[in-house]
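A quick write-up on the structure given underneath.
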Amino acid sequence: MLHCLFIFLFKRWLGPVGTFYASAASFSLVLLLSFIELYQVLVYGNYSFVDLGRWFFCLDLIDSHFIFCVDSLALIASILVLTLTVFALYFGVEYMHREAFVNRLLYLLNLFATSVVFLFYCYDYFLILFAWECIGLFSFLLVNFYSTRIYTVKAALKTFVFSRISDAFMFVSFILVLDVFSGTDLSLIFLEVPFFSFHYLFVGGYALHFITLFSFCLVTSGVIKAAQFFFHVWLPDAMEAPTPASALIHSSTLVVAGVFLVIRFSVLFEFTTFTNYFMALLGALTLSFGAVTATFQSDIKKLVAYSTISQIGYLVCGCGFCCYEEVLIYLIVHALNKAFLFVLVGYVVHFFSGNTDMRQMGGAYLYSFDLAVLLSGVCFNLAGLPYSAGFLGKELLIFQVLRDDLLTMFVRGC
């Protein structure tokens with residue numbers, strides 16, 4: 001937010017290129033500090049727990065504190081997002097600095113990345129809800145950047161509707177937390193979860209297992225943001241955002257936020273099998289559906305979007321089998337490669353004068369050989385071909401589903 005103020009005050013003197021590089025420099029500084037902190041955490045095995053005092057109080061219902069937890073999971077996720085933000089800003093200079101409202105784009109990119117990083121460090125449920133709302137708002141504004149086009153407005157509206165549905169599920173889980181735990185501090189919630197493993201909520205004549213209902217609402221909120229099957233339709237349309245923004249939305253931040261939420265609340269899934277089955281089935285359906293649909297796309301940006309949907313299916317399916325370390329490894333491999341792919345796709349579209357139809361492309365290697373080499377290298381990695389990082393990441397995930405029950409057979413079939 002301070003950096004947004006800096007851009008606002010000095011944009012006249014810096015110019016569009018200068019503001020881009022200033023943004024990249026500020027994020028690089030935060031990235032360097034995050035690396036130093038991660039080194040401390042990994043070497044000494046400690047973590048920081050920061051309580052800045054109460055920020056919201058309502059009778060005996062909500063007593064929310066500014067609580068942040070700096071642990072290895074939060075640091076790894078934030079380093080990933082910051083790296084890709086720097087990457088998107090640095091490579092977005094060439095084809096975005098001529099835009100009319102470039103400073104608005106920078107404000108939104110800064111605030112979007114900041115709200116995602118804020119989510120990673122939050123250790124209070126009310127703060128998580130607040131960060132989740134911010135992410136939905138800024139993703140909607142980024143998709144609606146070219147708001148003079150009818151198709152863009154429709155795409156932004158679709159993104160907003162699905163974001164609201166996701167927020168509704170998050171709000172239901174928040175109400176459940178207030179009702180049962182009478183507090184929003186995650187450390188207390190995680191301590192009390194085992195004692196509620198046989199706790200039921202009665203609605204009318206029906207008894208609902210509390211942890212199953214709570215984890216289902218949480219996971220559904222996450223998978224809508226991660227654009228899984230049934231909720232995937234907003235992601236291809238969100239390609240209407242400018243290329244640096246779509247690289248951030250699709251590869252790193254928006255889809256990472258959903259998977260991160262599942263990993264952060266992983267203690268819940270030790271006490272419920274239904275939600276694990278739900279995640280495994282949904283992830284398996286998504287990865288097969290996304291791959292098949294991508295095969296029939298002619299628009300290069302939509303093809304990459306469906307590819308992302310398929311790859312996030314792997315991650316959600318992995319979360320269903322409770323292999324969170326493997327999911328985190330593949331998440332890093334996929335996000336880095338996909339962000340690089342988005343930048344290259346942006347250059348390809350730029351190269352063909354804004355045309356995104358692949359039927360009218362071809363022979364780019366004759367004019368830009370380095371582009372063809374880089375594109376084939378990234379695709380090699382994302383396809384998980386042997387001797388690539390993608391192969392190792394997928395191998396670790398697939399190794400977890402070598403079981404003999406019916407669910408695993410279905411997942412392996414997908």
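Naming works like this for the structure tokens: A, B, ... for the chains as they're shown, residue 1 at the start of each chain, ligands 1 onward in shown order.
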
List as a ChimeraX atom specification the protein and nucleic acid residues near stretch 295-308 of chain A, meaning an atom at most 7 Å away when only C-alpha atoms are counted, but skip any in the same chain fewer than 3 places from it. /A:235-236,239,250,290-292,311-312,356-359

Got time to write the residues from that selection, C-alpha atoms, as an mmCIF file, in the first residue's frame?
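Okay, selection.cif is ready:
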```
data_model
loop_
_atom_site.group_PDB
_atom_site.id
_atom_site.type_symbol
_atom_site.label_atom_id
_atom_site.label_comp_id
_atom_site.auth_asym_id
_atom_site.auth_seq_id
_atom_site.Cartn_x
_atom_site.Cartn_y
_atom_site.Cartn_z
ATOM 1 C CA LEU A 235 -10.951 -19.154 -15.586
ATOM 2 C CA PRO A 236 -10.756 -19.236 -19.441
ATOM 3 C CA MET A 239 -7.853 -14.376 -19.792
ATOM 4 C CA HIS A 250 -3.743 -18.208 -13.335
ATOM 5 C CA GLY A 290 -9.091 -30.072 -18.345
ATOM 6 C CA ALA A 291 -6.594 -32.042 -20.431
ATOM 7 C CA VAL A 292 -9.259 -33.274 -22.896
ATOM 8 C CA GLN A 311 -2.633 -29.162 -13.468
ATOM 9 C CA ILE A 312 -4.436 -27.770 -10.388
ATOM 10 C CA THR A 356 -4.721 -15.397 -30.392
ATOM 11 C CA ASP A 357 -6.087 -17.941 -32.895
ATOM 12 C CA MET A 358 -3.521 -20.745 -33.269
ATOM 13 C CA ARG A 359 -4.909 -21.743 -36.663
#
```

Selection: 12 Å around stretch 140-148 of chain A, only C-alpha atoms, excl. self and same-chain fewer than 4 positions, as a ChimeraX atom specification: /A:99-113,133-136,152-164,234-250,254

Write out as an NGL selection string which residues come within 10 Å of stretch 315-318 of chain A when counting only C-alpha atoms, dropping same-chain ones fewer than 6 positions away. :A and (219 or 222-223 or 226 or 228 or 256 or 258-259 or 262 or 276-287 or 324-331 or 334 or 394 or 396-398 or 400-401 or 411)

In Å, with one decimal, what is the gap from atom CA of A:Gly313 to atom CA of A:Phe391? 16.0 Å

Contacts of A:Asn46 at 10 Å (only C-alpha atoms; same-chain gap of 3+ positions) as a PDB file with C-alpha atoms, in the first residue's frame:
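Just written: part_22.pdb:
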```pdb
ATOM      1  CA  LEU A  38      13.232 -18.794   5.296  1.00  0.00           C
ATOM      2  CA  GLN A  40      16.626 -18.761   9.485  1.00  0.00           C
ATOM      3  CA  VAL A  41      13.498 -20.916   9.818  1.00  0.00           C
ATOM      4  CA  LEU A  42      15.001 -23.930   8.016  1.00  0.00           C
ATOM      5  CA  VAL A  43      18.422 -23.782   9.737  1.00  0.00           C
ATOM      6  CA  PHE A  49       4.205 -15.919  16.087  1.00  0.00           C
ATOM      7  CA  VAL A  70       5.794 -16.800   9.977  1.00  0.00           C
ATOM      8  CA  ASP A  71       6.500 -20.494   9.378  1.00  0.00           C
ATOM      9  CA  SER A  72       8.065 -22.461   6.517  1.00  0.00           C
TER      10      SER A  72
END
```

DSSP helix (DSSP H, G or I) residues within stretch 13-163 of chain A, as a PyMOL selection string: chain A and resi 13-44+72-96+102-121+125-143+150-163

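Atom CA of A:Ala294 is found 12.6 Å from atom CA of A:His232.
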
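DSSP, applied to the backbone of this structure, assigns strand (DSSP E or B) to the following residues of stretch 54-276 of chain A: Arg54, Trp55, Phe56, Phe57, Cys58, Ile62, Asp63, Ser64, His65, Phe66, Ile67, Phe68, Cys69, Val70, Cys122, Asp124, Asp185, Tyr200, Leu201, Phe202, Val203, Tyr206, Ala207, Leu208 and His209 of chain A.
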
Take the residues from that selection and write them out as a short mmCIF file (atom, residue, chain, number, x, y, z; two decimals), in the first residue's frame, keeping C-alpha atoms.
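Now in selection_31.cif:
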```cif
data_model
loop_
_atom_site.label_atom_id
_atom_site.label_comp_id
_atom_site.auth_asym_id
_atom_site.auth_seq_id
_atom_site.Cartn_x
_atom_site.Cartn_y
_atom_site.Cartn_z
CA ARG A 54 -7.08 -6.77 19.10
CA TRP A 55 -8.50 -5.15 15.97
CA PHE A 56 -12.16 -6.22 16.10
CA PHE A 57 -14.41 -7.03 19.04
CA CYS A 58 -18.14 -7.80 19.14
CA ILE A 62 -15.80 -12.15 17.85
CA ASP A 63 -12.52 -11.29 19.53
CA SER A 64 -10.20 -10.98 16.53
CA HIS A 65 -6.52 -10.15 16.89
CA PHE A 66 -3.89 -9.19 14.32
CA ILE A 67 -2.12 -12.57 14.55
CA PHE A 68 0.51 -13.58 12.01
CA CYS A 69 2.47 -16.83 11.85
CA VAL A 70 5.79 -16.80 9.98
CA CYS A 122 -2.71 -14.62 8.67
CA ASP A 124 -6.78 -15.57 12.59
CA ASP A 185 -7.52 -17.77 16.63
CA TYR A 200 -22.78 -33.14 15.48
CA LEU A 201 -24.92 -30.17 14.47
CA PHE A 202 -28.68 -30.78 14.32
CA VAL A 203 -30.58 -29.04 11.51
CA TYR A 206 -30.86 -34.25 10.48
CA ALA A 207 -27.53 -34.63 12.26
CA LEU A 208 -24.49 -33.22 10.45
CA HIS A 209 -20.94 -34.13 11.45
#
```

Who sits within 9 Å of stretch 363-380 of chain A, only C-alpha atoms, same chain under 3 positions skipped, as a PDB file with N, CA and C atoms, in the first residue's frame:
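Now in around-v9.pdb:
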```pdb
ATOM      1  N   ASN A 337       6.849 -22.634 -13.929  1.00  0.00           N
ATOM      2  CA  ASN A 337       6.798 -22.931 -15.367  1.00  0.00           C
ATOM      3  C   ASN A 337       5.608 -22.274 -16.043  1.00  0.00           C
ATOM      4  N   LYS A 338       4.458 -22.259 -15.348  1.00  0.00           N
ATOM      5  CA  LYS A 338       3.252 -21.702 -15.971  1.00  0.00           C
ATOM      6  C   LYS A 338       3.361 -20.186 -16.117  1.00  0.00           C
ATOM      7  N   PHE A 340       6.142 -18.531 -16.578  1.00  0.00           N
ATOM      8  CA  PHE A 340       7.071 -18.339 -17.706  1.00  0.00           C
ATOM      9  C   PHE A 340       6.335 -18.592 -19.019  1.00  0.00           C
ATOM     10  N   LEU A 341       5.468 -19.620 -19.039  1.00  0.00           N
ATOM     11  CA  LEU A 341       4.690 -19.932 -20.244  1.00  0.00           C
ATOM     12  C   LEU A 341       3.761 -18.772 -20.603  1.00  0.00           C
ATOM     13  N   LEU A 344       5.723 -16.074 -22.254  1.00  0.00           N
ATOM     14  CA  LEU A 344       6.063 -16.470 -23.632  1.00  0.00           C
ATOM     15  C   LEU A 344       4.833 -16.394 -24.549  1.00  0.00           C
ATOM     16  N   VAL A 345       3.684 -16.812 -24.021  1.00  0.00           N
ATOM     17  CA  VAL A 345       2.438 -16.720 -24.810  1.00  0.00           C
ATOM     18  C   VAL A 345       2.120 -15.257 -25.097  1.00  0.00           C
ATOM     19  N   TYR A 347       4.303 -12.900 -25.487  1.00  0.00           N
ATOM     20  CA  TYR A 347       5.222 -12.497 -26.564  1.00  0.00           C
ATOM     21  C   TYR A 347       4.772 -13.046 -27.921  1.00  0.00           C
ATOM     22  N   VAL A 348       4.246 -14.287 -27.924  1.00  0.00           N
ATOM     23  CA  VAL A 348       3.759 -14.889 -29.177  1.00  0.00           C
ATOM     24  C   VAL A 348       2.576 -14.090 -29.724  1.00  0.00           C
ATOM     25  N   PHE A 351       3.784 -10.951 -31.023  1.00  0.00           N
ATOM     26  CA  PHE A 351       4.508 -11.218 -32.274  1.00  0.00           C
ATOM     27  C   PHE A 351       3.547 -11.304 -33.459  1.00  0.00           C
ATOM     28  N   ALA A 383       4.587 -30.874 -19.301  1.00  0.00           N
ATOM     29  CA  ALA A 383       4.026 -32.161 -19.720  1.00  0.00           C
ATOM     30  C   ALA A 383       4.524 -33.301 -18.841  1.00  0.00           C
ATOM     31  N   GLY A 384       5.565 -33.045 -18.048  1.00  0.00           N
ATOM     32  CA  GLY A 384       6.102 -34.072 -17.150  1.00  0.00           C
ATOM     33  C   GLY A 384       6.856 -35.147 -17.891  1.00  0.00           C
ATOM     34  N   LEU A 385       7.552 -34.762 -18.968  1.00  0.00           N
ATOM     35  CA  LEU A 385       8.348 -35.736 -19.722  1.00  0.00           C
ATOM     36  C   LEU A 385       9.594 -36.121 -18.920  1.00  0.00           C
ATOM     37  N   PRO A 386      10.167 -37.305 -19.173  1.00  0.00           N
ATOM     38  CA  PRO A 386      11.295 -37.786 -18.355  1.00  0.00           C
ATOM     39  C   PRO A 386      12.465 -36.799 -18.283  1.00  0.00           C
ATOM     40  N   SER A 388      12.738 -34.209 -16.436  1.00  0.00           N
ATOM     41  CA  SER A 388      12.364 -32.816 -16.182  1.00  0.00           C
ATOM     42  C   SER A 388      11.885 -32.695 -14.731  1.00  0.00           C
ATOM     43  N   GLY A 390       9.105 -31.340 -13.806  1.00  0.00           N
ATOM     44  CA  GLY A 390       7.691 -31.702 -13.814  1.00  0.00           C
ATOM     45  C   GLY A 390       7.492 -33.200 -13.670  1.00  0.00           C
TER      46      GLY A 390
END
```

Which residues, written as number ranges by chain, have at least one atom at most 8 Å from A:Ile79, with only C-alpha atoms counted and residues fewer than 6 positions away on the same chain left out? A: 31, 34-35

Save the residues we just selected, C-alpha atoms, as a compact mmCIF listing (two decimals), in the first residue's frame?
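Printed below is again33.txt as written:
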```txt
# COMPACT_ATOMS: atom_id res chain seq x y z
CA LEU A 31 11.57 -11.29 -1.72
CA SER A 34 11.67 -13.50 2.78
CA PHE A 35 14.60 -15.66 1.59
```
